[in-house]
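Read through the structure below, which is laid out as structure tokens, and then see the notes.
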Amino acid sequence: MKKFLVTVALILAIGRSYADEGMWLPHLLGQQVYNDMVKRGLKLSKEQLYSINKSSIKDAIIIFGGGCTGEIVSKEGLIFTNHHCGYGAIAAASTVEHNYLQNGFYARSKNEEIPAAGLSVQFLLKIEDVTKEVEDQLKGLSGDARLQKQTEVLNAVNARLADPSKSIEARTYSMFKGNQFIAYIYQRFKDVRLVGNPPESIGKYGGDTDNWEWPRHTGDFSIFRVYTAPGGAPADYSVNNVPMTPKYSLPVSIKGLNDGDYSMIYGYPGGTNRYETSYGVKLSTDINNPSLVALRDVRLKAMFEDMKKDPAIKLKLASSYASIANYWKFFDGETKQLLKHDVFGQKQKAEAAFTAWAQGKPEFQNVFADYARIYDKWRPYAKQRQYLTEGILGSPLANTASAFAQFEMALNNPNVDKQKVTDAAQKARTAFLDAENQNSDRKILAATLMMYYHDIDKAQHPAGFFEDLQTRYGSLDEEQTYKKYAAYVFDNTFLLDDAKWKAFIANPTAAALQADPAYQYAATFVRNYSAKYQPLYASFMNQNNELGRLYLKGVMEMEKAKVRYPDANFSMRVSYGNVKSYTPRDALFCDYVCTMNGVLEKYVPGDYEFNLPANLLELARKKDYGQYIDKKRNDLVVCFITTNDITGGNSGSPVINGKGELIGLAFDGNYEALSHKMAFDKDLNRTICVDVRYVLWCIDKLGGATNIINELNLVK
């Protein structure tokens with residue numbers, strides 16, 4: 001154990017991989033990495049980047065909601081994040097009469113700020129390496145026993161470091177696939193209010209067409225504020241709460257930027273798998289990704305057809321549609337880039353070198369023989385899992401009905417408080433109906449069921465289901481058969497019929513639930529998977545995790561001097577690089593910024609993705625950009641690109657210059673490098689960022705919210 005800890009220390013302290021690859025732990029940068037940051041243009045000390053005892057940049061970086069990053073930009077708790085991160089809160093605050101999603105919103109005073117119910121932010125207090133504490137209790141264990149004990153130990157560590165009375169939470173992250181354990185301690189604040197957002201035509205300009213593409217001309221920002229009790233402690237919403245006085249807030253630079261300028265991104269990248277094996281890459285490109293893309297494509301088309309016809313439906317489905325669409329395109333691009341760059345072949349070469357090194361070392365010599373065995377065993381059932389989660393349960397009705405399995409169990413248990421579970425069921429149904437659009441959902445259920453029938457091995461089908469479907473509704477090769485079945489389910493389920501639901505909930509029984517057609521449908525497929533394939537998947541994942549730990553442990557022993565960073569896991573990271581143009585392919589040059597001129601070139605009046613507000617058109621055509629104009633270009637810079645290493649979760653992350661000043665918000669990546677979760681491309685990887693000058697122009701000149709501008713510490 002001692003030898004391993006020394007190895008980790010060396011890894012974190014010396015060397016360096018490709019120029020801008022790396023999502024580094026901010027408290028363990030290592031002198032060599034820090035020196036490289038300085039060489040690239042950083043003007044700050046290590047303690048200004050991360051300090052426990054003094055305020056530092058890390059104190060301005062927050063977890064926003066459940067999966068984004070935000071930053072504090074004023075001494076009154078003002079938050080900048082992405083539009084798509086605030087999307088749900090903006091949609092929830094909107095009505096057809098006051099459609100803030102469509103028309104935008106800016107509070108002219110704190111009294112106009114809108115409480116965002118259910119939204120919270122978390123501030124990082126400190127980080128502790130608890131590897132020794134954890135490893136001491138895992139000695140001699142492997143496989144399932146180790147994983148089970150590890151969960152128990154990590155829960156105990158988290159409980160020890162948390163303090164619920166002060167809203168302090170702890171989460172211990174496994175780093176390097178279970179070879180290191182680091183605890184992050186956070187404080188959660190629940191009174192968060194919407195301060196402002198641009199119209200959707202700015203915040204989502206370009207829509208799915210421009211998603212993951214450069215140039216991108218999207219004003220992807222929204223503004224919130226965090227409130228506390230009068231003494232500064234976390235508190236639920238109250239009219240008596242006051243704006244937070246933060247430990248640190250980022251100054252905001254409107255000086256502009258140049259090709260080659262230093263850029264640094266703090267945030268919470270959600271997940272990468274850079275140490276994935278060739279087996280995992282092949283499973284993704286052959287089965288997992290294509291299945292997900294095909295199924296989401298069907299769901300999106302069904303939703304879009306209704307959204308474009310009715311503003312109320314668009315508002316209702318907007319958040320769900322955006323979430324599904326984002327990673328539909330991502331996984332399509334990931335597959336293409338993994339294949340294009342032969343990541344599978346690159347992994348195989350590395351694995352061959354490892355296998356040669358591992359000969360004669362009992363702990364490591366069978367790792368890849370074992371990998372081959374477990375993947376061969378799981379591969380025939382991988383599509384089944386995707387078609388359940390992304391297909392059958394892609395129908396909101398089926399997904400909601402499937403969750404009633406817990407209700408069924410409770411109804412069969414005499415020791416359970418029936419009123420409590422009934423209230424929970426009532427709440428679940430209400431939430432479902434608030435978000436449900438029956439017309440698109442019917443199409444989704446019919447289409448995904450037909451895809452399941454044709455694409456999944458018949459031996460894996462639920463026993464008797466499709467035979468009964470054929471008997472009752474017609475040929476299994478005809479779309480009409482599935483549409484008739486979907487109509488039957490929707491027309492007869494009590495989830496969509498108030499009278500039937502009222503009768504059921506007055507006297508809920510397991511038999512009545514089992515007779516409901518929506519529940520029957522969902523339960524049939526879930527039980528088929530749970531009984532036959534879930535145990536295989538659990539075994540596969542447990543063995544895969546254990547082999548991953550051994551493989552990475554061996555790699556680090558084999559390459560002791562090589563610098564490494566842990567995979568992203570939604571713990572705070574910092575990446576650094578430069579604002580940088582690039583050449584994605586022969587004869588094509590991509591500049592490092594795009595401007596309002598490009599926004600106007602893309603404009604299509606009334607278009608779903610490329611429409612623009614009238615006041616933007618008026619000001620832009622007059623070049624009325626005020627202090628936010630880029631004088632070199634005599635234009636307004638809208639977005640820029642950097643070489644920083646980020647992934648999902650970094651949405652809303654601050655892009656910071658060498659002096660620690662905010663210059664933009666990260667929100668996207670480029671299509672040519674969508675393999676980045678598994679393989680970083682040192683030549684083509686770019687992060688797409690909205691320029692803070694465009695953000696401020698939208699707030700100031702378009703929104704007239706000078707009160708927000710006046711809060712900021714502008715650096716000119």
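If you're wondering about the labels, chains in the structure tokens are A, B, ... by order shown, residues count from 1 in each chain, ligands from 1 in order shown.
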Proximity of region 127-219 of chain A to region 548-553 of chain A: per-residue shortest pair, 9 Å limit, only C-alpha atoms, as JSON lines:
```
{"residue": "A:Phe176", "atom": "CA", "partner": "A:Leu552", "partner_atom": "CA", "distance": 6.8}
{"residue": "A:Lys177", "atom": "CA", "partner": "A:Arg549", "partner_atom": "CA", "distance": 4.9}
{"residue": "A:Gly178", "atom": "CA", "partner": "A:Arg549", "partner_atom": "CA", "distance": 5.6}
{"residue": "A:Asn179", "atom": "CA", "partner": "A:Arg549", "partner_atom": "CA", "distance": 6.5}
```
* **Nearby residues (only C-alpha atoms) at most 9 Å from Val421 (chain A), same-chain spacing under 3 positions excluded, as a ChimeraX atom specification** => /A:406-407,410-411,416-418,424-426
* To do: Find the spatial neighbours of region 333-347 of chain A, counting only C-alpha atoms, within a cut-off of 9 Å - ignore same-chain residues fewer than 4 positions away - and output them as a ChimeraX atom specification.
  => /A:212,276-282,284-286,289-290,328-329,351-352,671-679
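Here the helix (DSSP H, G or I) residues in region 583-683 of chain A, by DSSP on the backbone, are Met596, Asn597, Gly598, Val599, Leu600, Glu601, Lys602, Ala614, Asn615, Leu616, Leu617, Glu618, Leu619, Ala620, Arg621, Gly626, Gln627, Tyr628, Tyr671, Glu672 and Ala673 of chain A.
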Emit the selected residues as a compact mmCIF listing (two decimals), in the first residue's frame, including N, CA and C atoms.
```
# COMPACT_ATOMS: atom_id res chain seq x y z
N MET A 596 -21.06 38.60 -34.45
CA MET A 596 -22.45 38.91 -34.76
C MET A 596 -22.71 38.87 -36.26
N ASN A 597 -21.71 39.14 -37.04
CA ASN A 597 -21.87 39.05 -38.49
C ASN A 597 -22.33 37.65 -38.88
N GLY A 598 -21.76 36.63 -38.22
CA GLY A 598 -22.17 35.26 -38.50
C GLY A 598 -23.58 34.95 -38.01
N VAL A 599 -23.97 35.57 -36.90
CA VAL A 599 -25.33 35.41 -36.40
C VAL A 599 -26.32 35.89 -37.45
N LEU A 600 -26.05 37.06 -38.00
CA LEU A 600 -26.96 37.64 -39.00
C LEU A 600 -26.98 36.82 -40.29
N GLU A 601 -25.84 36.24 -40.64
CA GLU A 601 -25.79 35.42 -41.86
C GLU A 601 -26.66 34.17 -41.74
N LYS A 602 -26.78 33.64 -40.53
CA LYS A 602 -27.57 32.42 -40.32
C LYS A 602 -29.06 32.72 -40.14
N ALA A 614 -36.40 41.00 -32.60
CA ALA A 614 -36.38 42.23 -33.42
C ALA A 614 -35.35 43.23 -32.88
N ASN A 615 -35.24 43.35 -31.55
CA ASN A 615 -34.31 44.35 -31.03
C ASN A 615 -32.85 43.95 -31.26
N LEU A 616 -32.57 42.66 -31.31
CA LEU A 616 -31.20 42.23 -31.66
C LEU A 616 -30.89 42.61 -33.09
N LEU A 617 -31.81 42.36 -33.99
CA LEU A 617 -31.58 42.70 -35.39
C LEU A 617 -31.34 44.20 -35.56
N GLU A 618 -32.14 44.98 -34.88
CA GLU A 618 -32.03 46.44 -34.99
C GLU A 618 -30.66 46.93 -34.50
N LEU A 619 -30.25 46.49 -33.29
CA LEU A 619 -28.99 46.95 -32.72
C LEU A 619 -27.79 46.40 -33.49
N ALA A 620 -27.89 45.15 -33.91
CA ALA A 620 -26.77 44.53 -34.62
C ALA A 620 -26.54 45.19 -35.98
N ARG A 621 -27.60 45.51 -36.67
CA ARG A 621 -27.46 46.14 -37.98
C ARG A 621 -26.89 47.55 -37.87
N GLY A 626 -21.75 49.23 -28.00
CA GLY A 626 -21.28 49.90 -26.80
C GLY A 626 -19.88 49.49 -26.41
N GLN A 627 -19.65 49.35 -25.10
CA GLN A 627 -18.32 49.03 -24.59
C GLN A 627 -17.93 47.57 -24.85
N TYR A 628 -18.84 46.78 -25.40
CA TYR A 628 -18.57 45.36 -25.59
C TYR A 628 -18.03 45.04 -26.99
N TYR A 671 -17.47 18.86 -33.12
CA TYR A 671 -17.86 17.55 -33.63
C TYR A 671 -16.65 16.68 -33.95
N GLU A 672 -15.57 17.31 -34.40
CA GLU A 672 -14.39 16.53 -34.82
C GLU A 672 -13.70 15.83 -33.66
N ALA A 673 -14.06 16.16 -32.42
CA ALA A 673 -13.39 15.56 -31.26
C ALA A 673 -14.39 14.95 -30.28
```
* To do: Using only C-alpha atoms, determine which residues lie at most 7 Å from region 154-168 of chain A, disregarding the query and same-chain residues fewer than 5 positions distant; provide the list as JSON, numbers by chain.
  => {"A": [185, 186, 187, 188, 234]}
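Candidate residues A:Tyr205, A:Thr706, A:Leu547, A:Gln122 were compared for distance to Asn366 (chain A), and the nearest is A:Leu547, using only C-alpha atoms.
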* So which residues touch Ala302 (chain A) within 9 Å, counting only C-alpha atoms, skipping near sequence neighbours fewer than 2 positions away, as a PyMOL selection string? -> chain A and resi 297-300+304-306+439-444
Could you make a table, as JSON lines, of the residues of region 159-260 of chain A that have an atom within 10 Å of an atom of region 649-659 of chain A, each with its nearest atom pair and distance in Å to one decimal, counting only C-alpha atoms, in chain and number order?
```
{"residue": "A:Asp220", "atom": "CA", "partner": "A:Gly652", "partner_atom": "CA", "distance": 8.5}
{"residue": "A:Phe221", "atom": "CA", "partner": "A:Gly652", "partner_atom": "CA", "distance": 7.6}
{"residue": "A:Ser222", "atom": "CA", "partner": "A:Gly652", "partner_atom": "CA", "distance": 9.0}
{"residue": "A:Leu250", "atom": "CA", "partner": "A:Ile656", "partner_atom": "CA", "distance": 8.8}
{"residue": "A:Pro251", "atom": "CA", "partner": "A:Ile656", "partner_atom": "CA", "distance": 9.6}
{"residue": "A:Val252", "atom": "CA", "partner": "A:Ile656", "partner_atom": "CA", "distance": 9.0}
{"residue": "A:Ser253", "atom": "CA", "partner": "A:Asn657", "partner_atom": "CA", "distance": 8.6}
{"residue": "A:Leu257", "atom": "CA", "partner": "A:Asn657", "partner_atom": "CA", "distance": 9.0}
```
* **DSSP strand (DSSP E or B) residues within region 536-698 of chain A, as a PyMOL selection string** => chain A and resi 573-579+582-585+588-590+593-595+630+635+637-642+654-656+662-669+687-691
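The shortest atom-to-atom distance to Ile313 (chain A), with only C-alpha atoms taken into account, belongs to A:Thr95 out of A:Thr172, A:Thr95, A:Thr400, A:Thr355.
Here the question is which of A:Lys420, A:Arg573, A:Lys43, A:Lys349 gets nearest to Thr69 (chain A) using only C-alpha atoms, and that residue is A:Arg573.
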* d(CA of Ser571 (chain A), CA of Tyr266 (chain A)) in Å -> 10.6 Å
* Asked: Distance CA of Pro535 (chain A)-CA of Gly271 (chain A), one decimal place?
  -> 24.6 Å
* Structure fact -> Restricting to only C-alpha atoms, whichever of A:Glu152, A:Asp624, A:Asp36, A:Glu135 is closest to Asp20 (chain A) is A:Asp36
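The spacing separating CA of Asp586 (chain A) from CA of Leu684 (chain A) amounts to 12.7 Å.
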